[in-house]
>>> print(open('protein.cif').read())   # mmCIF, C-alpha atoms
data_target
loop_
_atom_site.label_atom_id
_atom_site.label_comp_id
_atom_site.auth_asym_id
_atom_site.auth_seq_id
_atom_site.Cartn_x
_atom_site.Cartn_y
_atom_site.Cartn_z
CA MET A 63 -58.06 7.99 -2.08
CA MET A 64 -54.31 7.91 -1.44
CA SER A 65 -53.26 7.27 2.14
CA THR A 66 -51.67 10.22 3.88
CA THR A 67 -50.04 8.30 6.71
CA PRO A 68 -46.24 8.05 7.18
CA HIS A 69 -45.96 4.53 5.71
CA THR A 70 -45.97 6.08 2.23
CA ALA A 71 -42.23 6.63 2.62
CA THR A 72 -41.55 3.49 0.56
CA SER A 73 -43.76 4.39 -2.40
CA SER A 74 -42.38 4.35 -5.91
CA ALA A 75 -42.84 8.09 -6.16
CA GLU A 76 -40.08 8.45 -3.57
CA GLN A 77 -37.39 7.32 -6.00
CA PRO A 78 -35.27 10.27 -7.14
CA ALA A 79 -35.54 11.36 -10.74
CA GLN A 80 -31.73 11.56 -11.05
CA PRO A 81 -28.81 10.05 -9.10
CA THR A 82 -27.34 13.37 -7.92
CA MET A 83 -28.23 17.05 -7.85
CA PRO A 84 -25.75 19.23 -9.76
CA ASN A 85 -24.04 21.85 -7.63
CA TRP A 86 -25.15 24.66 -9.95
CA LEU A 87 -28.78 23.68 -9.46
CA MET A 88 -28.43 23.56 -5.68
CA ILE A 89 -26.76 26.99 -5.65
CA PHE A 90 -29.41 28.44 -7.98
CA LEU A 91 -32.26 27.13 -5.83
CA ALA A 92 -30.60 28.53 -2.68
CA ILE A 93 -30.27 31.97 -4.30
CA ALA A 94 -33.84 31.77 -5.63
CA CYS A 95 -35.29 30.99 -2.20
CA GLY A 96 -33.36 33.88 -0.63
CA VAL A 97 -34.46 36.39 -3.28
CA ILE A 98 -38.10 35.31 -2.99
CA VAL A 99 -38.47 35.17 0.78
CA ALA A 100 -36.70 38.51 1.27
CA ASN A 101 -39.84 40.21 -0.09
CA LEU A 102 -41.58 39.43 3.19
CA TYR A 103 -39.10 41.50 5.19
CA TYR A 104 -38.15 44.50 3.04
CA ALA A 105 -40.94 46.68 4.43
CA GLN A 106 -40.26 46.05 8.13
CA PRO A 107 -37.57 48.76 8.63
CA LEU A 108 -39.34 51.09 6.17
CA VAL A 109 -42.70 51.31 7.91
CA GLY A 110 -42.13 54.89 9.06
CA LEU A 111 -41.10 56.09 5.60
CA ILE A 112 -43.94 54.30 3.85
CA ARG A 113 -46.56 55.44 6.36
CA ALA A 114 -45.62 59.10 5.95
CA ASP A 115 -45.62 58.90 2.15
CA ILE A 116 -48.93 57.10 1.57
CA GLY A 117 -50.89 58.75 4.37
CA LEU A 118 -51.30 55.74 6.63
CA SER A 119 -52.15 56.43 10.27
CA ALA A 120 -49.70 55.45 12.98
CA GLU A 121 -52.25 53.05 14.45
CA ALA A 122 -52.61 51.21 11.13
CA ALA A 123 -48.90 51.17 10.23
CA GLY A 124 -48.49 47.68 11.69
CA LEU A 125 -50.79 46.37 8.97
CA ILE A 126 -47.97 46.76 6.44
CA VAL A 127 -46.16 43.81 7.99
CA THR A 128 -49.21 41.96 9.35
CA LEU A 129 -50.99 41.75 5.99
CA ALA A 130 -47.87 40.39 4.30
CA GLN A 131 -47.72 37.70 6.98
CA ILE A 132 -51.40 36.90 6.54
CA GLY A 133 -50.92 36.57 2.78
CA TYR A 134 -47.96 34.26 3.34
CA ALA A 135 -49.89 32.08 5.79
CA VAL A 136 -52.80 31.78 3.34
CA GLY A 137 -50.37 30.80 0.59
CA LEU A 138 -48.72 28.15 2.77
CA LEU A 139 -52.06 26.47 3.39
CA PHE A 140 -53.73 26.88 -0.02
CA ILE A 141 -51.00 27.37 -2.67
CA VAL A 142 -47.98 25.36 -1.47
CA PRO A 143 -50.04 22.10 -1.35
CA LEU A 144 -50.58 22.48 -5.12
CA GLY A 145 -46.98 21.29 -5.46
CA ASP A 146 -48.32 17.77 -4.86
CA ILE A 147 -50.58 17.87 -7.94
CA VAL A 148 -49.25 20.61 -10.28
CA GLU A 149 -45.98 20.54 -12.22
CA ASN A 150 -43.65 22.35 -9.84
CA ARG A 151 -41.64 24.48 -12.27
CA ARG A 152 -44.72 26.07 -13.83
CA LEU A 153 -46.36 26.57 -10.44
CA VAL A 154 -43.32 28.49 -9.19
CA PHE A 155 -43.12 30.48 -12.45
CA VAL A 156 -46.73 31.64 -12.17
CA SER A 157 -46.27 32.48 -8.48
CA LEU A 158 -43.21 34.59 -9.28
CA LEU A 159 -44.98 36.52 -12.04
CA PHE A 160 -47.79 37.20 -9.55
CA THR A 161 -45.17 38.45 -7.06
CA VAL A 162 -43.66 40.79 -9.66
CA LEU A 163 -47.06 42.41 -10.26
CA ALA A 164 -47.64 42.76 -6.50
CA LEU A 165 -44.21 44.37 -6.02
CA LEU A 166 -44.88 46.86 -8.82
CA MET A 167 -48.26 47.60 -7.28
CA ALA A 168 -46.55 48.41 -3.98
CA ALA A 169 -43.88 50.53 -5.67
CA TRP A 170 -46.45 52.66 -7.50
CA ALA A 171 -49.03 52.81 -4.70
CA GLY A 172 -50.12 56.34 -3.88
CA GLN A 173 -52.83 55.41 -1.40
CA ALA A 174 -52.69 53.43 1.80
CA THR A 175 -55.39 50.95 0.75
CA ILE A 176 -53.56 50.06 -2.47
CA PHE A 177 -50.28 49.53 -0.66
CA LEU A 178 -51.87 47.34 2.03
CA ILE A 179 -53.51 45.15 -0.62
CA ALA A 180 -50.15 44.90 -2.38
CA SER A 181 -48.48 43.85 0.89
CA MET A 182 -50.87 40.95 1.30
CA LEU A 183 -50.39 39.89 -2.33
CA ILE A 184 -46.59 40.02 -1.95
CA GLY A 185 -46.88 37.62 0.98
CA LEU A 186 -49.18 35.36 -1.03
CA GLY A 187 -46.81 35.13 -4.00
CA SER A 188 -43.68 34.71 -1.87
CA VAL A 189 -44.70 31.18 -0.91
CA ALA A 190 -43.00 30.17 -4.18
CA ALA A 191 -39.91 29.64 -2.02
CA GLN A 192 -41.75 26.93 -0.07
CA ILE A 193 -42.65 25.17 -3.32
CA LEU A 194 -38.99 25.12 -4.32
CA VAL A 195 -37.79 23.47 -1.08
CA PRO A 196 -39.78 20.21 -1.46
CA TYR A 197 -39.05 20.36 -5.21
CA ALA A 198 -35.33 20.29 -4.39
CA SER A 199 -35.91 17.49 -1.89
CA HIS A 200 -37.57 15.45 -4.64
CA LEU A 201 -34.60 15.93 -6.98
CA ALA A 202 -32.04 14.98 -4.32
CA PRO A 203 -31.15 11.33 -3.60
CA GLU A 204 -32.15 9.98 -0.19
CA GLN A 205 -28.60 9.70 1.14
CA SER A 206 -27.86 13.41 0.60
CA ARG A 207 -31.32 14.92 0.97
CA GLY A 208 -30.49 16.60 4.28
CA ARG A 209 -27.36 18.21 2.84
CA VAL A 210 -29.26 19.55 -0.17
CA VAL A 211 -32.16 20.88 1.90
CA GLY A 212 -29.71 22.41 4.38
CA ASN A 213 -27.77 24.23 1.67
CA ILE A 214 -30.94 25.55 0.05
CA MET A 215 -32.35 26.64 3.39
CA SER A 216 -29.11 28.51 4.09
CA GLY A 217 -29.90 30.62 1.02
CA LEU A 218 -33.43 31.20 2.25
CA LEU A 219 -32.21 32.20 5.70
CA LEU A 220 -29.66 34.59 4.21
CA GLY A 221 -32.51 36.22 2.31
CA ILE A 222 -34.43 36.71 5.56
CA MET A 223 -31.42 38.08 7.43
CA LEU A 224 -30.15 40.41 4.70
CA ALA A 225 -33.53 41.80 3.65
CA ARG A 226 -33.90 44.34 6.47
CA PRO A 227 -30.44 45.95 6.33
CA LEU A 228 -30.42 45.97 2.51
CA SER A 229 -33.81 47.65 2.27
CA SER A 230 -32.70 50.26 4.82
CA LEU A 231 -29.56 51.06 2.82
CA ILE A 232 -31.41 51.25 -0.52
CA ALA A 233 -34.12 53.45 0.97
CA ASP A 234 -31.51 55.82 2.41
CA HIS A 235 -30.01 56.44 -1.04
CA LEU A 236 -32.86 55.90 -3.52
CA GLY A 237 -36.09 56.06 -1.50
CA TRP A 238 -38.36 53.28 -0.29
CA ARG A 239 -40.09 52.77 -3.65
CA ALA A 240 -36.78 51.76 -5.23
CA VAL A 241 -36.66 48.73 -2.92
CA PHE A 242 -39.81 47.31 -4.51
CA PHE A 243 -38.82 48.24 -8.09
CA ILE A 244 -35.43 46.54 -7.70
CA SER A 245 -36.98 43.46 -6.12
CA ALA A 246 -39.57 43.23 -8.95
CA ALA A 247 -36.75 43.24 -11.51
CA LEU A 248 -34.81 40.55 -9.62
CA VAL A 249 -37.85 38.30 -9.26
CA LEU A 250 -38.73 38.68 -12.95
CA ILE A 251 -35.20 37.69 -14.01
CA LEU A 252 -35.35 34.77 -11.60
CA ALA A 253 -38.67 33.57 -13.04
CA LEU A 254 -37.37 33.67 -16.63
CA VAL A 255 -34.20 31.76 -15.76
CA LEU A 256 -36.15 29.26 -13.66
CA ILE A 257 -38.64 28.30 -16.38
CA ARG A 258 -35.80 27.58 -18.81
CA ALA A 259 -33.20 25.99 -16.54
CA LEU A 260 -35.03 23.80 -14.04
CA PRO A 261 -35.95 20.17 -14.75
CA THR A 262 -39.60 19.19 -14.83
CA ASN A 263 -41.21 17.59 -11.79
CA ARG A 264 -44.70 16.17 -12.40
CA PRO A 265 -46.23 14.87 -9.16
CA ALA A 266 -47.65 11.36 -9.18
CA SER A 267 -50.69 12.30 -7.06
CA ARG A 268 -54.08 12.35 -8.80
CA HIS A 269 -55.94 14.26 -6.10
CA ARG A 270 -58.29 17.04 -7.08
CA TYR A 271 -57.77 20.35 -5.32
CA PRO A 272 -60.69 19.99 -2.82
CA GLN A 273 -59.46 16.50 -1.93
CA LEU A 274 -55.93 17.85 -1.58
CA ILE A 275 -56.94 20.53 0.92
CA ALA A 276 -59.22 18.14 2.83
CA SER A 277 -56.38 15.62 3.14
CA MET A 278 -54.27 18.11 5.11
CA ALA A 279 -56.41 17.58 8.19
CA GLN A 280 -55.75 13.84 7.85
CA LEU A 281 -52.03 14.51 7.59
CA VAL A 282 -52.04 16.48 10.83
CA ARG A 283 -54.06 13.81 12.60
CA HIS A 284 -52.05 10.80 11.41
CA THR A 285 -48.51 12.20 11.22
CA PRO A 286 -47.04 12.61 14.73
CA ILE A 287 -43.61 13.58 13.37
CA LEU A 288 -45.19 16.54 11.60
CA ARG A 289 -46.99 17.67 14.75
CA ARG A 290 -43.88 17.40 16.90
CA ARG A 291 -41.47 19.06 14.51
CA ALA A 292 -43.92 21.88 13.76
CA LEU A 293 -44.52 22.59 17.46
CA TYR A 294 -40.81 22.41 18.28
CA HIS A 295 -40.02 25.00 15.67
CA ALA A 296 -43.05 27.15 16.43
CA ALA A 297 -41.63 27.66 19.93
CA ILE A 298 -38.09 28.35 18.73
CA PHE A 299 -39.22 30.62 15.90
CA GLY A 300 -41.40 32.46 18.41
CA THR A 301 -38.26 33.25 20.38
CA PHE A 302 -36.46 34.28 17.18
CA SER A 303 -39.24 36.70 16.22
CA LEU A 304 -39.48 38.03 19.76
CA PHE A 305 -35.77 38.80 19.91
CA TRP A 306 -35.52 40.49 16.51
CA THR A 307 -38.67 42.52 17.17
CA THR A 308 -37.58 43.82 20.57
CA VAL A 309 -33.79 44.14 20.28
CA PRO A 310 -34.08 47.18 17.94
CA LEU A 311 -36.25 48.83 20.60
CA LEU A 312 -33.55 48.16 23.19
CA LEU A 313 -30.71 49.35 20.97
CA ALA A 314 -32.50 52.56 19.98
CA GLY A 315 -33.43 53.32 23.59
CA PRO A 316 -31.70 55.31 26.31
CA ILE A 317 -29.19 52.58 27.21
CA PHE A 318 -27.42 52.02 23.86
CA HIS A 319 -28.50 55.03 21.71
CA PHE A 320 -28.01 53.17 18.41
CA SER A 321 -28.88 54.96 15.16
CA GLN A 322 -30.92 53.21 12.46
CA THR A 323 -27.69 52.49 10.60
CA GLY A 324 -26.21 50.97 13.75
CA ILE A 325 -29.26 48.76 14.18
CA ALA A 326 -28.97 47.65 10.53
CA ILE A 327 -25.31 46.73 11.07
CA PHE A 328 -26.24 44.81 14.22
CA ALA A 329 -28.84 42.88 12.20
CA LEU A 330 -26.10 41.69 9.85
CA VAL A 331 -24.56 39.55 12.58
CA GLY A 332 -27.50 37.19 12.18
CA VAL A 333 -26.14 36.19 8.77
CA ALA A 334 -23.71 33.90 10.59
CA GLY A 335 -26.66 31.77 11.69
CA ALA A 336 -27.24 30.55 8.13
CA ALA A 337 -24.03 28.51 8.43
CA ALA A 338 -25.84 26.05 10.70
CA ALA A 339 -28.30 24.96 7.99
CA PRO A 340 -25.95 22.80 5.87
CA ILE A 341 -24.30 21.39 9.02
CA ALA A 342 -27.70 20.36 10.37
CA GLY A 343 -28.56 18.79 7.01
CA ARG A 344 -25.46 16.60 7.14
CA MET A 345 -26.26 15.57 10.72
CA ALA A 346 -29.75 14.56 9.62
CA ASP A 347 -28.35 12.47 6.75
CA ARG A 348 -26.31 10.54 9.33
CA GLY A 349 -29.39 9.85 11.45
CA TRP A 350 -28.53 12.38 14.15
CA ILE A 351 -31.81 14.28 14.12
CA ARG A 352 -32.51 13.74 17.83
CA PRO A 353 -29.04 14.81 19.08
CA GLY A 354 -29.11 17.72 16.63
CA THR A 355 -32.48 18.83 17.99
CA ALA A 356 -31.23 18.69 21.57
CA MET A 357 -28.20 20.80 20.60
CA ALA A 358 -30.43 23.33 18.82
CA PHE A 359 -32.62 23.70 21.91
CA ALA A 360 -29.54 24.14 24.13
CA VAL A 361 -28.07 26.82 21.86
CA VAL A 362 -31.33 28.79 21.75
CA ILE A 363 -31.73 28.61 25.54
CA ILE A 364 -28.16 29.85 26.06
CA SER A 365 -28.81 32.66 23.58
CA MET A 366 -31.68 33.87 25.78
CA LEU A 367 -29.64 33.73 28.97
CA LEU A 368 -26.80 35.91 27.66
CA PRO A 369 -28.91 39.08 27.12
CA LEU A 370 -29.88 39.05 30.81
CA LEU A 371 -26.25 39.98 31.51
CA ALA A 372 -26.35 43.01 29.20
CA ARG A 373 -27.34 45.61 31.79
CA ASP A 374 -25.58 48.74 30.50
CA GLY A 375 -24.47 50.39 27.29
CA SER A 376 -20.88 49.15 27.49
CA ILE A 377 -18.98 47.39 24.69
CA GLY A 378 -19.17 44.21 26.75
CA SER A 379 -22.97 44.34 26.77
CA VAL A 380 -23.06 44.94 23.01
CA LEU A 381 -20.78 41.94 22.47
CA LEU A 382 -23.07 39.81 24.63
CA LEU A 383 -26.04 40.81 22.45
CA VAL A 384 -24.05 40.05 19.30
CA LEU A 385 -23.14 36.61 20.62
CA ALA A 386 -26.74 35.98 21.66
CA ALA A 387 -27.97 36.95 18.17
CA ILE A 388 -25.49 34.63 16.46
CA LEU A 389 -26.31 31.69 18.75
CA LEU A 390 -30.04 32.25 18.37
CA ASP A 391 -29.86 32.27 14.59
CA LEU A 392 -27.62 29.19 14.60
CA GLY A 393 -30.09 27.24 16.74
CA VAL A 394 -33.12 28.33 14.74
CA SER A 395 -31.47 27.54 11.40
CA ALA A 396 -30.37 24.09 12.56
CA ASN A 397 -33.74 23.13 14.01
CA LEU A 398 -35.57 24.29 10.88
CA VAL A 399 -33.53 22.03 8.62
CA LEU A 400 -33.69 19.07 11.01
CA GLY A 401 -37.47 19.36 11.04
CA GLN A 402 -37.76 19.56 7.27
CA ARG A 403 -35.43 16.59 6.79
CA ALA A 404 -37.61 14.54 9.15
CA ILE A 405 -40.92 15.34 7.46
CA PHE A 406 -39.53 15.06 3.92
CA SER A 407 -38.72 11.41 4.63
CA LEU A 408 -42.44 10.58 4.84
CA GLY A 409 -43.17 10.35 1.11
CA ALA A 410 -42.82 12.39 -2.08
CA GLU A 411 -46.53 12.45 -2.84
CA VAL A 412 -47.36 14.43 0.32
CA ARG A 413 -44.19 16.50 0.61
CA SER A 414 -45.61 19.88 -0.43
CA ARG A 415 -48.58 19.55 1.91
CA LEU A 416 -46.32 18.54 4.79
CA ASN A 417 -44.05 21.52 4.12
CA GLY A 418 -47.00 23.90 3.95
CA LEU A 419 -48.39 22.65 7.27
CA TYR A 420 -44.97 22.71 8.91
CA MET A 421 -44.19 26.25 7.77
CA ALA A 422 -47.67 27.59 8.56
CA THR A 423 -47.51 26.22 12.12
CA PHE A 424 -44.18 27.71 13.05
CA PHE A 425 -44.97 30.92 11.16
CA LEU A 426 -47.93 31.29 13.53
CA GLY A 427 -45.53 30.75 16.42
CA GLY A 428 -43.35 33.55 15.07
CA ALA A 429 -46.29 35.92 14.79
CA ILE A 430 -47.30 35.17 18.38
CA GLY A 431 -43.73 35.62 19.58
CA SER A 432 -43.39 38.97 17.85
CA SER A 433 -46.66 40.32 19.24
CA ALA A 434 -46.11 38.93 22.73
CA GLY A 435 -42.55 40.24 22.77
CA THR A 436 -43.66 43.77 21.97
CA TRP A 437 -46.31 43.60 24.68
CA ALA A 438 -43.82 42.22 27.23
CA PHE A 439 -41.25 44.89 26.35
CA GLU A 440 -43.79 47.68 26.84
CA ALA A 441 -45.13 46.16 30.06
CA GLY A 442 -41.94 45.00 31.77
CA GLY A 443 -38.97 46.10 29.70
CA TRP A 444 -36.19 44.07 28.14
CA THR A 445 -35.97 41.58 31.04
CA ALA A 446 -39.65 40.66 30.71
CA ALA A 447 -39.33 40.18 26.95
CA ILE A 448 -36.26 37.94 27.29
CA ALA A 449 -37.91 35.92 30.08
CA LEU A 450 -40.77 35.17 27.71
CA GLY A 451 -38.28 34.32 24.96
CA LEU A 452 -36.57 31.88 27.33
CA ALA A 453 -39.83 30.22 28.36
CA LEU A 454 -40.74 29.16 24.81
CA PRO A 455 -37.72 26.87 24.10
CA LEU A 456 -37.87 25.54 27.66
CA LEU A 457 -41.46 24.41 27.08
CA ALA A 458 -40.47 22.88 23.75
CA LEU A 459 -37.59 21.07 25.46
CA VAL A 460 -39.99 19.52 27.97
CA TYR A 461 -42.13 18.29 25.08
CA PHE A 462 -39.03 16.99 23.28
CA VAL A 463 -38.03 14.90 26.32
CA THR A 464 -41.30 12.96 25.99
CA GLU A 465 -39.93 11.48 22.73
CA PHE A 466 -37.68 9.24 24.80
CA ARG A 467 -40.69 7.52 26.38
CA ARG A 468 -42.00 6.50 22.96
CA ASN A 469 -41.32 3.33 21.04
CA PRO A 470 -37.65 3.63 19.93
CA VAL A 471 -38.41 2.16 16.51
CA GLU A 472 -41.29 4.54 15.92
CA SER A 473 -39.37 7.65 16.96
CA SER A 474 -36.04 6.82 15.33
CA ALA A 475 -37.04 8.66 12.15
CA LYS A 476 -37.30 11.88 14.12
#
>>> encode(input="protein.cif", output="structure tokens")
Amino acid sequence: MMSTTPHTATSSAEQPAQPTMPNWLMIFLAIACGVIVANLYYAQPLVGLIRADIGLSAEAAGLIVTLAQIGYAVGLLFIVPLGDIVENRRLVFVSLLFTVLALLMAAWAGQATIFLIASMLIGLGSVAAQILVPYASHLAPEQSRGRVVGNIMSGLLLGIMLARPLSSLIADHLGWRAVFFISAALVLILALVLIRALPTNRPASRHRYPQLIASMAQLVRHTPILRRRALYHAAIFGTFSLFWTTVPLLLAGPIFHFSQTGIAIFALVGVAGAAAAPIAGRMADRGWIRPGTAMAFAVVIISMLLPLLARDGSIGSVLLLVLAAILLDLGVSANLVLGQRAIFSLGAEVRSRLNGLYMATFFLGGAIGSSAGTWAFEAGGWTAAIALGLALPLLALVYFVTEFRRNPVESSAK
């Protein structure tokens, strides 16, 4: 059975299939990841509209988002690892066709149960984006892998950040069902272009599926870089989810009196954060993963201090929140790419499994941050929520400092 420890970085499978990645391919993969991952977030601002139309109770409305997240987490752990044994292009194609059917199911759903099942299936199929990221890493040469991953992740992050305001605007003019019909058409076009345009990538691994899944526990146990990077980003992504879950509650409340359109416009400021992804990728290519990580932590911590100064509904307070949102998204985007660059250096034959474990871990951190943030906001208001959001990166920073007590040679890859 193939070893899953980090020394596989020098295996023959690590050699790139081509000397460079064409710019058109990098741009296409970035767009593809953004289009795919946006499906996870379209429903979030539409919960009220959907609930009223399909007869879902107010108490169960949260399941619309929760079930999509559960489906995504299941896909990260049980579908994304297939990228290590199944030809990547076909795996993504099948996943996208599955997503199209799930989106159409949601668009036509007339009953709450049908829509909730569709939500979970949408999350399950949307993990195709996390098959494409290690696929792109495999096609990129070692010396520019961070740049390529960073550029592709910027597309993915733009998809996350644009999904909510776009779905709100479409729903205002065409109704909430149009959001899912339009997305189904886009994903279908994407799948047809992908199967014809992308080069083939046949993994070298000969694992069977049960062995593949069983090996993931070994990867967690024997890959300290994976554990560290996943926990770092779980904390930071927890803060990200906390902020973007609670700031709409603040803006719509008695202090700022924002309309839904105003909240959607505010959400657009987060798009600026995607600019950090390619910059972080270039830093990683130069061996600056540690300094880049420290900077990402510092930016996120500062972003949580600024909202504490926003105590009234003045323009100055709004600008502070805008700056905090931009800094937060910059720090999160940078740390995400730095983490992926670090784990993708461990070997091509385990890359999909590493990515699935990495994403699943910090996705759990985001779910915890979102839930805890809502609870803190209800219990202690905006200050309590932000205090919790500040505590998470501070704890991660303390853990990060322990890297400097490790063997310098061992930790230099981080």
>>> resolve_selection(input="protein.cif", expression="the PyMOL selection byres ((chain A and resi 267) around 7)", output="PyMOL selection string")
chain A and resi 146-147+265-266+268-269+411
>>> resolve_selection(input="protein.cif", expression="the PyMOL selection byres ((chain A and resi 152) around 12)", output="NGL selection string")
:A and (144-145 or 147-151 or 153-159 or 190 or 193-194 or 197 or 253-254 or 256-264)
>>> resolve_selection(input="protein.cif", expression="the PyMOL selection byres ((chain A and resi 108) around 8)", output="number ranges by chain")
A: 104-107, 109-112, 229-230, 233, 238
>>> closest_residue(input="protein.cif", among="A:Gly418, A:Pro369, A:Gln280, A:Glu204", to="Arg348 (chain A)", atoms="all atoms listed in the file")
A:Glu204
>>> atom_distance(input="protein.cif", atom1="CA of Leu456 (chain A)", atom2="CA of Gly431 (chain A)")
14.2 Å
>>> closest_residue(input="protein.cif", among="A:Ala225, A:Ala438, A:Leu250, A:Val241", to="Phe160 (chain A)", atoms="all atoms listed in the file")
A:Leu250
>>> residues_around(input="protein.cif", residues="Asn417 (chain A)", least_positions_apart="5", cutoff="12 Å", atoms="all atoms listed in the file", output="PyMOL selection string")
chain A and resi 137-146+189+191-197+199+278+281-282+288-289+291-292+398-399+401-412+422-425
>>> atom_distance(input="protein.cif", atom1="CA of Ser188 (chain A)", atom2="CA of Ala100 (chain A)")
8.5 Å
>>> residues_around(input="protein.cif", residues="Ala114 (chain A)", least_positions_apart="5", cutoff="10 Å", atoms="all atoms listed in the file", output="ChimeraX atom specification")
/A:109,119-120,123,174
>>> closest_atom_pairs(input="protein.cif", of="region 440-467 of chain A", to="region 363-366 of chain A", cutoff="7 Å", atoms="only C-alpha atoms", output="JSON lines")
{"residue": "A:Ile448", "atom": "CA", "partner": "A:Met366", "partner_atom": "CA", "distance": 6.3}
{"residue": "A:Gly451", "atom": "CA", "partner": "A:Met366", "partner_atom": "CA", "distance": 6.7}
{"residue": "A:Leu452", "atom": "CA", "partner": "A:Met366", "partner_atom": "CA", "distance": 5.5}
{"residue": "A:Pro455", "atom": "CA", "partner": "A:Ile363", "partner_atom": "CA", "distance": 6.4}
>>> closest_residue(input="protein.cif", among="A:Ala122, A:Ile251, A:Ala429, A:Leu304", to="Tyr134 (chain A)", atoms="only C-alpha atoms")
A:Ala429
>>> atom_distance(input="protein.cif", atom1="CA of Thr308 (chain A)", atom2="CA of Ala337 (chain A)")
23.8 Å
>>> closest_residue(input="protein.cif", among="A:Ile179, A:Val460, A:Ala326, A:Ala279", to="Met223 (chain A)", atoms="all atoms listed in the file")
A:Ala326
>>> closest_residue(input="protein.cif", among="A:Ile341, A:Leu416, A:Leu118, A:Val99", to="Leu186 (chain A)", atoms="all atoms listed in the file")
A:Val99
>>> closest_residue(input="protein.cif", among="A:Gly349, A:Pro340, A:Gly332, A:Pro310", to="Gly221 (chain A)", atoms="all atoms listed in the file")
A:Gly332
>>> residues_around(input="protein.cif", residues="Thr128 (chain A)", least_positions_apart="2", cutoff="12 Å", atoms="only C-alpha atoms", output="PDB file with C-alpha atoms, in the coordinates of the input")
ATOM      1  CA  LEU A 102     -41.580  39.430   3.190  1.00  0.00           C
ATOM      2  CA  TYR A 103     -39.100  41.500   5.190  1.00  0.00           C
ATOM      3  CA  ALA A 105     -40.940  46.680   4.430  1.00  0.00           C
ATOM      4  CA  GLN A 106     -40.260  46.050   8.130  1.00  0.00           C
ATOM      5  CA  VAL A 109     -42.700  51.310   7.910  1.00  0.00           C
ATOM      6  CA  ALA A 122     -52.610  51.210  11.130  1.00  0.00           C
ATOM      7  CA  ALA A 123     -48.900  51.170  10.230  1.00  0.00           C
ATOM      8  CA  GLY A 124     -48.490  47.680  11.690  1.00  0.00           C
ATOM      9  CA  LEU A 125     -50.790  46.370   8.970  1.00  0.00           C
ATOM     10  CA  ILE A 126     -47.970  46.760   6.440  1.00  0.00           C
ATOM     11  CA  ALA A 130     -47.870  40.390   4.300  1.00  0.00           C
ATOM     12  CA  GLN A 131     -47.720  37.700   6.980  1.00  0.00           C
ATOM     13  CA  ILE A 132     -51.400  36.900   6.540  1.00  0.00           C
ATOM     14  CA  GLY A 133     -50.920  36.570   2.780  1.00  0.00           C
ATOM     15  CA  TYR A 134     -47.960  34.260   3.340  1.00  0.00           C
ATOM     16  CA  ALA A 135     -49.890  32.080   5.790  1.00  0.00           C
ATOM     17  CA  LEU A 178     -51.870  47.340   2.030  1.00  0.00           C
ATOM     18  CA  ILE A 179     -53.510  45.150  -0.620  1.00  0.00           C
ATOM     19  CA  SER A 181     -48.480  43.850   0.890  1.00  0.00           C
ATOM     20  CA  MET A 182     -50.870  40.950   1.300  1.00  0.00           C
ATOM     21  CA  LEU A 183     -50.390  39.890  -2.330  1.00  0.00           C
ATOM     22  CA  ILE A 184     -46.590  40.020  -1.950  1.00  0.00           C
ATOM     23  CA  GLY A 185     -46.880  37.620   0.980  1.00  0.00           C
ATOM     24  CA  PHE A 425     -44.970  30.920  11.160  1.00  0.00           C
ATOM     25  CA  LEU A 426     -47.930  31.290  13.530  1.00  0.00           C
ATOM     26  CA  GLY A 428     -43.350  33.550  15.070  1.00  0.00           C
ATOM     27  CA  ALA A 429     -46.290  35.920  14.790  1.00  0.00           C
ATOM     28  CA  ILE A 430     -47.300  35.170  18.380  1.00  0.00           C
ATOM     29  CA  SER A 432     -43.390  38.970  17.850  1.00  0.00           C
ATOM     30  CA  SER A 433     -46.660  40.320  19.240  1.00  0.00           C
TER      31      SER A 433
END
>>> residues_around(input="protein.cif", residues="region 314-319 of chain A", least_positions_apart="6", cutoff="12 Å", atoms="all atoms listed in the file", output="JSON, numbers by chain")
{"A": [308, 325, 326, 328, 372, 373, 374, 375, 376, 377, 378, 379, 380, 383, 439, 443, 444]}
>>> residues_around(input="protein.cif", residues="Gly208 (chain A)", least_positions_apart="3", cutoff="8 Å", atoms="all atoms listed in the file", output="PyMOL selection string")
chain A and resi 205+211-212+340+342-347+399-400+403
>>> build_atoms(input="protein.cif", residues="region 339-344 of chain A", atoms="N, CA and C atoms", output="PDB file, keeping the file's coordinate frame")
ATOM      1  N   ALA A 339     -27.352  25.729   8.799  1.00  0.00           N
ATOM      2  CA  ALA A 339     -28.300  24.960   7.990  1.00  0.00           C
ATOM      3  C   ALA A 339     -27.652  23.774   7.282  1.00  0.00           C
ATOM      4  N   PRO A 340     -26.559  23.964   6.517  1.00  0.00           N
ATOM      5  CA  PRO A 340     -25.950  22.800   5.870  1.00  0.00           C
ATOM      6  C   PRO A 340     -25.348  21.807   6.854  1.00  0.00           C
ATOM      7  N   ILE A 341     -24.840  22.304   7.996  1.00  0.00           N
ATOM      8  CA  ILE A 341     -24.300  21.390   9.020  1.00  0.00           C
ATOM      9  C   ILE A 341     -25.415  20.514   9.575  1.00  0.00           C
ATOM     10  N   ALA A 342     -26.562  21.121   9.867  1.00  0.00           N
ATOM     11  CA  ALA A 342     -27.700  20.360  10.370  1.00  0.00           C
ATOM     12  C   ALA A 342     -28.185  19.346   9.339  1.00  0.00           C
ATOM     13  N   GLY A 343     -28.155  19.723   8.060  1.00  0.00           N
ATOM     14  CA  GLY A 343     -28.560  18.790   7.010  1.00  0.00           C
ATOM     15  C   GLY A 343     -27.674  17.560   6.970  1.00  0.00           C
ATOM     16  N   ARG A 344     -26.383  17.744   7.137  1.00  0.00           N
ATOM     17  CA  ARG A 344     -25.460  16.600   7.140  1.00  0.00           C
ATOM     18  C   ARG A 344     -25.682  15.727   8.375  1.00  0.00           C
TER      19      ARG A 344
END
